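Shown below: target_0.txt, with compact mmCIF, C-alpha atoms and all ligand atoms.
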# COMPACT_ATOMS: atom_id res chain seq x y z
CA MET A 1 3.00 18.09 -7.64
CA LYS A 2 6.47 17.11 -8.88
CA THR A 3 6.52 15.05 -12.08
CA PHE A 4 8.73 12.01 -12.63
CA ASP A 5 10.43 10.29 -15.49
CA VAL A 6 8.66 6.93 -15.61
CA PRO A 7 9.22 4.46 -18.51
CA ILE A 8 6.64 5.09 -21.20
CA ALA A 9 5.77 1.39 -21.23
CA TYR A 10 4.05 1.84 -17.87
CA ARG A 11 1.81 4.62 -19.16
CA SER A 12 -1.49 4.25 -20.97
CA PRO A 13 -2.43 7.03 -23.38
CA LEU A 14 -6.12 6.33 -22.73
CA ILE A 15 -5.83 6.45 -18.95
CA SER A 16 -3.49 9.44 -18.98
CA ALA A 17 -6.07 11.33 -21.07
CA ILE A 18 -8.89 10.35 -18.70
CA LYS A 19 -6.89 11.37 -15.62
CA LYS A 20 -5.92 14.67 -17.21
CA GLN A 21 -9.50 15.49 -18.13
CA ARG A 22 -10.82 14.57 -14.69
CA LYS A 23 -8.08 16.56 -12.96
CA GLU A 24 -8.73 19.66 -15.02
CA ALA A 25 -12.46 19.44 -14.26
CA ASP A 26 -11.92 18.84 -10.55
CA ARG A 27 -8.71 20.44 -9.30
CA MET A 28 -9.81 20.31 -5.67
CA LYS A 29 -10.41 16.53 -5.84
CA LYS A 30 -14.00 16.76 -4.63
CA ASP A 31 -15.65 14.54 -7.26
CA PHE A 32 -15.19 10.83 -6.54
CA THR A 33 -17.62 9.51 -9.14
CA PRO A 34 -16.08 7.00 -11.56
CA THR A 35 -15.49 7.55 -15.27
CA LEU A 36 -17.74 5.66 -17.68
CA LEU A 37 -16.16 3.92 -20.67
CA ASP A 38 -19.15 2.70 -22.70
CA PHE A 39 -18.13 0.00 -25.15
CA GLY A 40 -21.74 -1.04 -25.88
CA PRO A 41 -22.20 -4.63 -24.68
CA VAL A 42 -19.85 -3.94 -21.75
CA ARG A 43 -19.66 -0.76 -19.73
CA VAL A 44 -16.56 -0.08 -17.63
CA TYR A 45 -16.57 2.35 -14.74
CA LEU A 46 -13.05 3.41 -13.82
CA ALA A 47 -12.40 4.74 -10.32
CA ARG A 48 -11.65 8.47 -10.05
CA HIS A 49 -8.21 7.78 -8.49
CA PHE A 50 -6.01 4.74 -8.96
CA GLY A 51 -2.55 3.75 -10.15
CA PHE A 52 0.95 5.05 -9.55
CA CYS A 53 1.27 7.37 -6.56
CA TYR A 54 3.95 9.98 -5.83
CA GLY A 55 6.15 7.55 -3.89
CA VAL A 56 6.03 4.85 -6.54
CA GLU A 57 6.82 7.22 -9.42
CA ASN A 58 9.66 8.71 -7.38
CA ALA A 59 11.09 5.23 -6.68
CA ILE A 60 10.81 4.08 -10.30
CA ASP A 61 12.39 7.28 -11.57
CA ILE A 62 15.37 6.97 -9.20
CA ALA A 63 15.82 3.24 -9.84
CA PHE A 64 15.90 3.37 -13.64
CA ARG A 65 18.05 6.53 -13.59
CA THR A 66 20.50 4.79 -11.29
CA VAL A 67 20.80 1.90 -13.75
CA VAL A 68 21.47 4.26 -16.68
CA GLU A 69 23.97 6.41 -14.79
CA ASN A 70 26.00 3.56 -13.30
CA GLU A 71 26.89 1.23 -16.13
CA GLY A 72 29.31 -1.48 -15.01
CA LYS A 73 28.46 -1.14 -11.33
CA ARG A 74 26.65 -3.77 -9.33
CA ILE A 75 23.23 -2.43 -8.36
CA PHE A 76 21.13 -4.10 -5.70
CA LEU A 77 17.65 -3.49 -4.45
CA LEU A 78 17.26 -4.07 -0.76
CA SER A 79 14.01 -5.90 -1.55
CA GLU A 80 11.18 -5.41 -4.02
CA MET A 81 11.17 -1.81 -5.20
CA ILE A 82 7.40 -1.64 -4.92
CA HIS A 83 4.87 -4.43 -4.74
CA ASN A 84 4.34 -4.84 -8.46
CA PRO A 85 5.54 -7.87 -10.43
CA GLN A 86 6.03 -6.09 -13.78
CA VAL A 87 8.13 -3.27 -12.34
CA ASN A 88 10.29 -5.64 -10.32
CA ALA A 89 10.75 -7.95 -13.33
CA ASP A 90 11.83 -4.98 -15.48
CA LEU A 91 14.39 -3.94 -12.89
CA LEU A 92 15.75 -7.50 -12.70
CA ALA A 93 15.94 -7.56 -16.51
CA ALA A 94 17.95 -4.32 -16.37
CA GLY A 95 20.54 -6.15 -14.24
CA VAL A 96 19.41 -5.06 -10.78
CA ARG A 97 19.52 -7.80 -8.12
CA PHE A 98 17.52 -8.25 -4.91
CA LEU A 99 19.40 -8.54 -1.61
CA GLN A 100 16.41 -9.86 0.35
CA ASP A 101 12.94 -11.19 -0.29
CA THR A 102 9.91 -9.24 0.89
CA LYS A 103 9.99 -10.97 4.29
CA GLY A 104 13.58 -9.86 4.89
CA ASN A 105 15.19 -13.27 4.17
CA PRO A 106 18.62 -12.89 2.52
CA ILE A 107 19.05 -13.68 -1.18
CA VAL A 108 22.54 -12.19 -1.54
CA PRO A 109 24.53 -12.16 1.75
CA PHE A 110 25.53 -8.69 2.96
CA GLU A 111 29.07 -10.10 3.32
CA ASP A 112 29.31 -10.22 -0.49
CA LEU A 113 28.78 -6.46 -0.80
CA THR A 114 31.60 -3.98 -1.24
CA SER A 115 31.76 -0.20 -0.95
CA ASP A 116 31.68 0.00 -4.78
CA ASP A 117 28.19 -1.45 -4.89
CA ILE A 118 24.98 0.53 -5.08
CA VAL A 119 22.05 -0.46 -2.89
CA LEU A 120 18.67 1.10 -3.60
CA ILE A 121 16.41 1.57 -0.60
CA PRO A 122 12.79 0.88 -1.66
CA ALA A 123 9.78 3.19 -1.36
CA PHE A 124 8.80 1.50 1.93
CA GLY A 125 12.07 2.64 3.54
CA THR A 126 14.22 0.34 5.64
CA THR A 127 15.20 -0.35 9.22
CA LEU A 128 17.92 1.60 11.02
CA GLU A 129 19.74 -1.70 11.55
CA ILE A 130 20.02 -2.40 7.82
CA ASP A 131 20.99 1.19 7.10
CA LYS A 132 23.77 0.87 9.67
CA ARG A 133 25.02 -2.43 8.22
CA LEU A 134 25.21 -0.95 4.73
CA ASN A 135 26.98 2.17 5.98
CA ALA A 136 29.49 -0.02 7.84
CA ILE A 137 30.38 -1.66 4.50
CA GLY A 138 30.94 1.81 3.07
CA ILE A 139 27.76 1.93 0.99
CA ARG A 140 26.21 5.36 1.00
CA THR A 141 22.47 4.84 1.07
CA GLU A 142 21.31 8.49 1.01
CA GLN A 143 22.02 8.94 -2.69
CA TYR A 144 19.96 5.93 -3.75
CA ASN A 145 17.24 6.15 -1.18
CA THR A 146 13.74 5.99 -2.69
CA THR A 147 11.90 6.04 0.66
CA CYS A 148 8.57 7.76 0.09
CA PRO A 149 8.26 11.12 1.85
CA PHE A 150 4.85 10.01 3.14
CA VAL A 151 6.52 7.09 4.93
CA GLU A 152 9.11 9.48 6.39
CA LYS A 153 6.21 11.60 7.59
CA VAL A 154 5.04 8.66 9.73
CA TRP A 155 8.55 8.37 11.21
CA ASN A 156 8.49 12.08 12.02
CA ARG A 157 5.06 11.77 13.59
CA SER A 158 6.17 8.90 15.81
CA GLU A 159 9.25 10.88 16.81
CA GLY A 160 7.00 13.78 17.82
CA ILE A 161 4.77 11.47 19.87
CA ALA A 162 7.84 9.92 21.53
CA GLN A 163 9.25 13.33 22.45
CA LYS A 164 6.06 14.02 24.38
CA GLY A 165 6.58 10.85 26.39
CA TYR A 166 4.06 8.52 24.76
CA SER A 167 4.71 4.93 23.72
CA ILE A 168 3.92 4.19 20.09
CA ILE A 169 1.28 1.78 18.84
CA ILE A 170 1.80 1.05 15.14
CA HIS A 171 -1.23 -0.21 13.22
CA GLY A 172 0.33 -2.16 10.36
CA LYS A 173 1.16 -5.57 8.97
CA PRO A 174 4.01 -6.78 11.20
CA LYS A 175 5.96 -8.41 8.34
CA HIS A 176 5.44 -5.67 5.76
CA GLU A 177 8.66 -3.81 4.85
CA GLU A 178 7.14 -0.43 5.65
CA THR A 179 5.90 -1.47 9.09
CA ARG A 180 9.25 -3.10 9.89
CA ALA A 181 10.97 0.16 8.92
CA THR A 182 8.52 2.31 10.87
CA PHE A 183 8.85 0.04 13.89
CA SER A 184 12.63 0.34 13.79
CA HIS A 185 12.50 4.14 13.59
CA ALA A 186 9.82 4.40 16.30
CA ALA A 187 11.62 2.01 18.65
CA LYS A 188 14.74 4.20 18.67
CA ASP A 189 12.69 6.96 20.35
CA ALA A 190 10.06 5.20 22.46
CA PRO A 191 8.68 1.82 23.53
CA SER A 192 6.78 0.56 20.49
CA VAL A 193 4.37 -2.23 19.64
CA VAL A 194 2.70 -3.28 16.39
CA VAL A 195 -0.97 -4.30 16.16
CA LYS A 196 -2.06 -5.86 12.92
CA ASP A 197 -5.83 -5.46 13.26
CA MET A 198 -8.73 -4.80 15.60
CA GLN A 199 -8.56 -8.31 17.01
CA GLN A 200 -4.99 -7.72 18.21
CA THR A 201 -5.99 -4.28 19.47
CA LEU A 202 -8.72 -5.81 21.62
CA GLU A 203 -6.11 -8.15 23.10
CA LEU A 204 -3.61 -5.35 23.65
CA ALA A 205 -6.30 -3.36 25.46
CA LYS A 206 -6.65 -6.18 27.99
CA TYR A 207 -3.09 -5.46 29.14
CA ILE A 208 -4.02 -1.78 29.55
CA THR A 209 -7.05 -2.64 31.66
CA GLY A 210 -5.28 -5.40 33.56
CA GLU A 211 -7.73 -8.07 32.33
CA LYS A 212 -4.78 -10.15 31.17
CA PRO A 213 -1.63 -10.88 33.19
CA ALA A 214 1.35 -8.86 31.94
CA SER A 215 3.43 -12.02 31.57
CA GLU A 216 1.27 -13.24 28.66
CA PHE A 217 1.99 -10.16 26.58
CA TYR A 218 5.52 -11.21 25.70
CA THR A 219 4.35 -14.47 24.12
CA GLU A 220 1.22 -13.07 22.53
CA PHE A 221 3.00 -10.13 20.89
CA LYS A 222 6.30 -11.91 20.23
CA GLY A 223 8.27 -10.13 17.51
CA GLN A 224 5.96 -7.10 17.64
CA PHE A 225 7.35 -5.08 20.57
CA SER A 226 10.55 -3.14 21.07
CA GLU A 227 13.45 -4.33 23.18
CA GLY A 228 12.93 -3.68 26.89
CA PHE A 229 9.18 -3.10 26.46
CA ASP A 230 7.58 -3.18 29.89
CA VAL A 231 3.90 -3.88 29.38
CA GLU A 232 2.89 -2.49 32.79
CA ARG A 233 4.87 0.72 32.43
CA ASP A 234 4.77 1.34 28.67
CA LEU A 235 1.03 1.24 28.00
CA GLN A 236 0.17 4.07 30.40
CA ARG A 237 0.61 6.84 27.80
CA ILE A 238 0.15 5.91 24.15
CA GLY A 239 -0.14 7.34 20.64
CA VAL A 240 -1.10 5.61 17.40
CA VAL A 241 0.53 5.79 13.96
CA ASN A 242 -0.27 3.62 10.94
CA GLN A 243 1.32 1.93 7.99
CA THR A 244 0.40 4.38 5.22
CA THR A 245 -1.67 1.89 3.25
CA MET A 246 -4.09 0.48 5.83
CA LEU A 247 -7.87 0.58 5.46
CA ALA A 248 -8.93 4.03 6.69
CA SER A 249 -11.98 2.75 8.57
CA ASP A 250 -9.91 0.08 10.39
CA THR A 251 -7.28 2.59 11.41
CA GLN A 252 -9.92 5.01 12.69
CA ALA A 253 -11.73 2.28 14.62
CA ILE A 254 -8.49 1.14 16.28
CA ALA A 255 -7.47 4.66 17.35
CA ASP A 256 -11.00 5.42 18.62
CA TYR A 257 -11.13 2.16 20.55
CA LEU A 258 -7.76 2.68 22.24
CA ARG A 259 -8.73 6.24 23.13
CA ASP A 260 -11.93 4.97 24.80
CA VAL A 261 -9.97 2.29 26.66
CA MET A 262 -7.59 4.92 28.07
CA ILE A 263 -10.54 7.13 29.08
CA ALA A 264 -12.22 4.25 30.89
CA ARG A 265 -9.02 2.91 32.48
CA TYR A 266 -7.85 6.25 33.88
CA GLY A 267 -11.21 7.96 34.45
CA LEU A 268 -10.45 10.67 31.88
CA THR A 269 -12.71 13.06 30.02
CA ASP A 270 -12.46 14.53 26.55
CA SER A 271 -10.65 17.51 28.03
CA ASP A 272 -7.82 15.60 29.68
CA VAL A 273 -7.58 12.48 27.50
CA ARG A 274 -4.40 13.96 25.98
CA THR A 275 -2.56 13.25 29.20
CA ARG A 276 -2.71 9.54 28.30
CA PHE A 277 -3.54 9.40 24.58
CA ALA A 278 -1.65 11.44 22.00
CA ASP A 279 -3.91 13.63 19.92
CA THR A 280 -2.98 12.71 16.35
CA ARG A 281 -4.71 12.08 13.08
CA ASP A 282 -4.05 8.91 11.12
CA THR A 283 -0.87 8.64 9.08
CA LEU A 284 -2.43 7.13 5.96
CA CYS A 285 -0.97 8.73 2.85
CA TYR A 286 -2.90 10.82 0.34
CA ALA A 287 -2.90 8.00 -2.25
CA THR A 288 -4.45 5.54 0.19
CA ASN A 289 -7.14 8.06 1.10
CA ASP A 290 -7.86 9.08 -2.50
CA ASN A 291 -7.95 5.52 -3.83
CA GLN A 292 -10.18 4.21 -1.02
CA THR A 293 -12.54 7.19 -1.28
CA ALA A 294 -12.64 6.72 -5.06
CA VAL A 295 -13.63 3.07 -4.59
CA GLN A 296 -16.42 4.14 -2.25
CA GLY A 297 -17.54 6.62 -4.91
CA MET A 298 -17.31 3.94 -7.61
CA LEU A 299 -19.39 1.51 -5.53
CA GLN A 300 -22.35 3.94 -5.65
CA THR A 301 -22.77 2.84 -9.28
CA PRO A 302 -24.85 -0.33 -9.65
CA ALA A 303 -22.63 -2.95 -11.30
CA ASP A 304 -22.29 -6.69 -11.90
CA LEU A 305 -18.71 -7.19 -10.71
CA ALA A 306 -15.47 -5.43 -9.88
CA ILE A 307 -11.93 -6.11 -11.06
CA VAL A 308 -9.05 -4.83 -8.92
CA VAL A 309 -5.60 -4.90 -10.52
CA GLY A 310 -2.34 -4.98 -8.60
CA GLY A 311 0.49 -7.02 -7.12
CA TYR A 312 -0.66 -9.78 -4.80
CA ASN A 313 1.61 -8.62 -1.96
CA SER A 314 0.42 -5.02 -2.27
CA SER A 315 -1.17 -3.86 0.97
CA ASN A 316 -3.00 -0.89 -0.52
CA THR A 317 -4.46 -3.01 -3.34
CA SER A 318 -5.78 -5.63 -0.94
CA HIS A 319 -7.72 -2.95 0.93
CA LEU A 320 -9.36 -1.78 -2.30
CA VAL A 321 -10.39 -5.41 -2.86
CA GLU A 322 -11.75 -5.57 0.68
CA LEU A 323 -13.96 -2.54 0.07
CA CYS A 324 -15.27 -3.89 -3.24
CA GLU A 325 -15.91 -7.37 -1.85
CA GLU A 326 -18.37 -5.94 0.64
CA ALA A 327 -20.55 -4.76 -2.24
CA LEU A 328 -20.26 -7.15 -5.19
CA PRO A 329 -18.34 -10.09 -6.72
CA THR A 330 -14.71 -8.93 -6.96
CA TYR A 331 -11.75 -10.41 -8.82
CA TYR A 332 -8.18 -9.47 -7.79
CA ILE A 333 -5.79 -10.00 -10.70
CA ASN A 334 -2.25 -8.82 -11.40
CA GLU A 335 -2.29 -8.76 -15.20
CA GLU A 336 -4.61 -9.05 -18.16
CA SER A 337 -3.72 -12.68 -18.88
CA LYS A 338 -5.53 -13.67 -15.67
CA LEU A 339 -8.76 -13.06 -17.55
CA LEU A 340 -8.28 -16.45 -19.20
CA ASN A 341 -11.35 -16.13 -21.43
CA ARG A 342 -15.00 -15.03 -21.40
CA ASN A 343 -15.85 -17.73 -18.87
CA THR A 344 -12.80 -18.18 -16.68
CA VAL A 345 -10.72 -15.94 -14.44
CA HIS A 346 -7.60 -16.83 -12.47
CA HIS A 347 -7.67 -14.59 -9.44
CA TYR A 348 -6.16 -14.09 -6.01
CA ASN A 349 -7.76 -14.50 -2.61
CA PHE A 350 -5.70 -12.27 -0.32
CA HIS A 351 -7.53 -13.55 2.77
CA ASN A 352 -5.82 -16.92 2.53
CA GLY A 353 -3.02 -16.12 0.06
CA THR A 354 -4.15 -18.53 -2.66
CA GLU A 355 -5.03 -18.23 -6.34
CA HIS A 356 -8.33 -19.58 -7.64
CA ILE A 357 -10.06 -20.31 -10.90
CA THR A 358 -13.63 -19.08 -11.10
CA GLU A 359 -15.95 -20.04 -13.96
CA ASN A 360 -18.76 -17.87 -15.33
CA TYR A 361 -17.38 -14.74 -13.69
CA LEU A 362 -18.95 -12.53 -16.38
CA PRO A 363 -22.74 -12.89 -16.07
CA GLU A 364 -24.68 -13.39 -19.31
CA LYS A 365 -26.16 -9.93 -19.51
CA GLU A 366 -26.08 -6.95 -21.82
CA PRO A 367 -24.87 -4.44 -21.17
CA LEU A 368 -22.62 -5.85 -18.46
CA THR A 369 -21.30 -3.28 -16.00
CA VAL A 370 -17.80 -3.74 -14.58
CA LEU A 371 -16.06 -1.54 -12.00
CA ILE A 372 -12.28 -1.33 -12.34
CA THR A 373 -9.55 0.10 -10.14
CA SER A 374 -5.91 -0.62 -9.34
CA GLY A 375 -3.40 -0.25 -6.54
CA ALA A 376 -0.84 2.54 -6.12
CA SER A 377 1.98 0.41 -7.54
CA CYS A 378 0.17 -0.82 -10.66
CA PRO A 379 1.13 0.67 -14.04
CA ASP A 380 -1.79 2.21 -15.95
CA ALA A 381 -0.66 0.20 -18.99
CA VAL A 382 -1.60 -2.98 -17.11
CA VAL A 383 -5.07 -1.58 -16.38
CA GLU A 384 -5.52 -0.65 -20.04
CA GLY A 385 -4.47 -4.20 -20.95
CA VAL A 386 -7.16 -5.56 -18.64
CA ILE A 387 -9.79 -3.31 -20.20
CA ARG A 388 -8.73 -4.33 -23.73
CA ARG A 389 -8.88 -8.01 -22.84
CA LEU A 390 -12.27 -7.67 -21.16
CA VAL A 391 -13.72 -5.81 -24.13
CA SER A 392 -12.32 -8.45 -26.53
CA PHE A 393 -14.74 -10.98 -24.99
CA PHE A 394 -17.72 -8.93 -26.23
CA PRO A 395 -18.10 -9.05 -30.02
CA GLY A 396 -19.57 -5.88 -31.46
CA SER A 397 -17.98 -3.63 -28.81
CA LYS A 398 -16.67 -0.21 -29.76
CA SER A 399 -12.88 -0.11 -29.92
CA ILE A 400 -10.78 1.43 -27.16
CA GLU A 401 -9.64 4.03 -29.70
CA ASP A 402 -13.25 5.02 -30.43
CA VAL A 403 -14.09 5.39 -26.76
CA ALA A 404 -10.83 7.28 -26.16
CA THR A 405 -11.87 10.10 -28.52
CA GLN A 406 -14.14 11.62 -25.84
CA PHE A 407 -11.08 12.21 -23.66
CA ALA A 408 -8.79 13.60 -26.33
S1 LIG A 501 1.23 4.35 -1.22
FE1 LIG A 501 1.54 6.32 -0.16
S2 LIG A 501 3.25 5.97 1.24
FE2 LIG A 501 3.26 4.27 -0.22
S3 LIG A 501 4.67 4.94 -1.83
FE3 LIG A 501 2.62 5.61 -2.45
S4 LIG A 501 2.41 7.74 -1.69
FE4 LIG A 501 4.13 6.77 -0.63

Please render this file's structure as C-alpha cells.
Ligand code: SF4
Amino acid sequence: MKTFDVPIAYRSPLISAIKKQRKEADRMKKDFTPTLLDFGPVRVYLARHFGFCYGVENAIDIAFRTVVENEGKRIFLLSEMIHNPQVNADLLAAGVRFLQDTKGNPIVPFEDLTSDDIVLIPAFGTTLEIDKRLNAIGIRTEQYNTTCPFVEKVWNRSEGIAQKGYSIIIHGKPKHEETRATFSHAAKDAPSVVVKDMQQTLELAKYITGEKPASEFYTEFKGQFSEGFDVERDLQRIGVVNQTTMLASDTQAIADYLRDVMIARYGLTDSDVRTRFADTRDTLCYATNDNQTAVQGMLQTPADLAIVVGGYNSSNTSHLVELCEEALPTYYINEESKLLNRNTVHHYNFHNGTEHITENYLPEKEPLTVLITSGASCPDAVVEGVIRRLVSFFPGSKSIEDVATQFA
C-alpha cells in the first residue's frame, strides 16, 4: 500500500514497532488476536488493527504539504479534515481556516472567497453543489481534493446501481459529511433516500409494502430523499450502499431485511430477486472492516474494561465503542488527559452526545486487564499517551521502554 508523509508527532515508535511486527508475521491479515503489553500490575491488550487508515493519512499528507507549498496564500478547509481534534487543531495552528462546521453551517461565507484561495476538500468528500459553487468562484478543487478513494468507490457503486435502473438506499448518518456527499452524488443519477438505522429501515419498508400511506413518507423522511422522489414509483427497484464507517452487522441486517421485503412484496425467489433488488456487497471500507473485526478478536480476551480513543464526532470510532460496550465497561476518550487520575475518567457517551465523569473506573485488582483500540482518524501518539498515563497509575509497573524491547 502507498505510504504517506505524516507529521512525526502523530506517530508512536512503540505502536509503529508493534504494527510492523504483527504485519510481518501475518501478511494476509488473518490473525485478529490482540497484542499483549504486560506492564505487571496492569496488562494492556491492543487491538490487531486500529489508528490512521489510508484515507486519513492521504488527507493529512495533502493538507500539510499544501500549507508548506503555498506560503502567503489563504488556505481553507471545507470542514473538519477528519474527525480528530488534535489533527484539526494542528491545521488551524498552521493557519488553515474552516469554511463550515461539521453540520455544514457556514463559518466563513463563500462570498468572501476569491479564485486565489485554496480550498481543501476533506477525506469524506463533498457534495456536487459545493463543488460547483467553488468552481464558479474560480477555485480549482481537484488539486486539493483529499476525498478518500474508498468513499469514491461508494459513489461509483451507486452510479452502477443507478445505471441498471435501481433507486439508491443509503445506509448512513444523514448529517455526516460523507453521507451528505454520497447522497448528492447518488441523487444525480437516481432517486435516493438515506436511512440512518434499522428503525428507519423498518419504516421505509412500510412504504414498499403499502402499510403506510405514501403521503406520510415526505414528512417522515424530510431532508433524506432526493428532489422529485416519488415514493410509490421509486421504491419498486432498489439497491443499498453504505457510509463507509457503519457497523458491519447493522449494514448487513438492513440489506438483508430490505431484500426479504422485496421478495415478499413482489413474490420473488432467490433466482429473480435481482429484478427488484440490486445484488451488491456492502460498501464499508477496509479500515472499518479490519478495525471492527479486530475489536471482535480483542473481545475474546477476558478483561476488566475497554478504552476506545478517538474524536467524539468520529463515526467509525463510535461503532468500535458500540461493539465493546456489549461485552464490558467501556470508556470513550479523545486524549490521555481524560484519564483524570486512578479513580476518575472523563468520558463521552455517544448515544446521547454528552460527557460524563465516572469514579472507580479501574477496579481494584491485580493484574488489571484493559483492552485498548482507537478510531481510523486517531494518531497512534495519542494512543501511546493513553497507555503511558494508564500505566502511571500503577506503581511498580515496567516502563513502556522496557515493554517495547520485545517489538524492537
Ligand atoms: S475510514 Fe475508510 S473511507 Fe474513511 S477515510 Fe479511512 S479508509 Fe477512507

A:Tyr54, A:Phe124, A:Trp155, A:Phe39: which is nearest Ser315 (chain A), counting all atoms listed in the file?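 Closest residue, counting all atoms listed in the file: A:Phe124.
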
Do you have, as a tab-separated table, the list of residues of chain A lying at most 7 Å from ligand LIG 501 (chain A), each with its nearest atom pair and that distance in Å to one decimal, counting all atoms listed in the file and ordered by chain then number?
residue	atom	partner	partner_atom	distance
A:Cys53	CA	A:LIG501	FE3	4.7
A:Tyr54	CA	A:LIG501	S4	5.0
A:Gly55	CA	A:LIG501	S3	3.6
A:Val56	CA	A:LIG501	S3	4.9
A:Ala123	CA	A:LIG501	S3	5.4
A:Phe124	CA	A:LIG501	FE2	6.6
A:Cys148	CA	A:LIG501	FE4	4.6
A:Pro149	CA	A:LIG501	FE4	6.5
A:Phe150	CA	A:LIG501	S2	4.7
A:Val151	CA	A:LIG501	S2	5.1
A:Thr244	CA	A:LIG501	S2	5.1
A:Thr245	CA	A:LIG501	S1	5.9
A:Cys285	CA	A:LIG501	FE1	4.6
A:Tyr286	CA	A:LIG501	FE1	6.3
A:Ala287	CA	A:LIG501	FE1	5.2
A:Thr288	CA	A:LIG501	S1	6.0
A:Asn316	CA	A:LIG501	S1	6.8
A:Ala376	CA	A:LIG501	S1	5.6

Counting only C-alpha atoms, which of A:Phe407, A:Tyr361, A:Phe76, A:Tyr207 gets nearest to Leu99 (chain A)?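 That would be A:Phe76, the residue with the smallest distance to Leu99 (chain A).
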
Tell me which of A:Gln224, A:Ser12, A:Thr127, A:Ser399 sits closest to Thr182 (chain A), counting all atoms listed in the file.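 Using all atoms listed in the file, Thr182 (chain A) sits closest to A:Thr127.
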
Counting only C-alpha atoms, closest pick from A:Asp38, A:Ser249, A:Ile254, A:Arg237 relative to Val195 (chain A) is A:Ile254

Region 288-303 of chain A from the block above: N, CA and C atoms written as a tab-separated table (two decimals), in the first residue's frame:
chain	number	residue	atom	x	y	z
A	288	THR	N	-12.71	0.06	8.20
A	288	THR	CA	-13.87	-0.23	9.05
A	288	THR	C	-13.96	-1.72	9.32
A	289	ASN	N	-13.82	-2.52	8.27
A	289	ASN	CA	-13.88	-3.97	8.44
A	289	ASN	C	-12.76	-4.48	9.33
A	290	ASP	N	-11.54	-4.05	9.05
A	290	ASP	CA	-10.39	-4.54	9.85
A	290	ASP	C	-10.53	-4.13	11.31
A	291	ASN	N	-10.89	-2.86	11.54
A	291	ASN	CA	-10.94	-2.38	12.93
A	291	ASN	C	-12.08	-3.04	13.71
A	292	GLN	N	-13.22	-3.25	13.05
A	292	GLN	CA	-14.34	-3.91	13.76
A	292	GLN	C	-14.02	-5.39	14.01
A	293	THR	N	-13.41	-6.04	13.02
A	293	THR	CA	-13.06	-7.46	13.22
A	293	THR	C	-12.00	-7.58	14.31
A	294	ALA	N	-11.07	-6.61	14.34
A	294	ALA	CA	-10.02	-6.65	15.37
A	294	ALA	C	-10.62	-6.45	16.76
A	295	VAL	N	-11.66	-5.63	16.87
A	295	VAL	CA	-12.31	-5.46	18.17
A	295	VAL	C	-12.99	-6.77	18.57
A	296	GLN	N	-13.63	-7.42	17.60
A	296	GLN	CA	-14.26	-8.70	17.94
A	296	GLN	C	-13.20	-9.71	18.40
A	297	GLY	N	-12.05	-9.68	17.74
A	297	GLY	CA	-10.95	-10.57	18.15
A	297	GLY	C	-10.45	-10.21	19.54
A	298	MET	N	-10.34	-8.91	19.80
A	298	MET	CA	-9.84	-8.43	21.10
A	298	MET	C	-10.80	-8.83	22.22
A	299	LEU	N	-12.11	-8.80	21.91
A	299	LEU	CA	-13.12	-9.08	22.94
A	299	LEU	C	-13.14	-10.56	23.35
A	300	GLN	N	-12.42	-11.42	22.63
A	300	GLN	CA	-12.31	-12.82	23.04
A	300	GLN	C	-11.43	-12.95	24.28
A	301	THR	N	-10.65	-11.91	24.56
A	301	THR	CA	-9.75	-11.95	25.72
A	301	THR	C	-10.51	-11.45	26.95
A	302	PRO	N	-10.59	-12.25	28.01
A	302	PRO	CA	-11.26	-11.77	29.22
A	302	PRO	C	-10.55	-10.51	29.74
A	303	ALA	N	-11.32	-9.49	30.07
A	303	ALA	CA	-10.72	-8.23	30.50
A	303	ALA	C	-11.66	-7.51	31.46
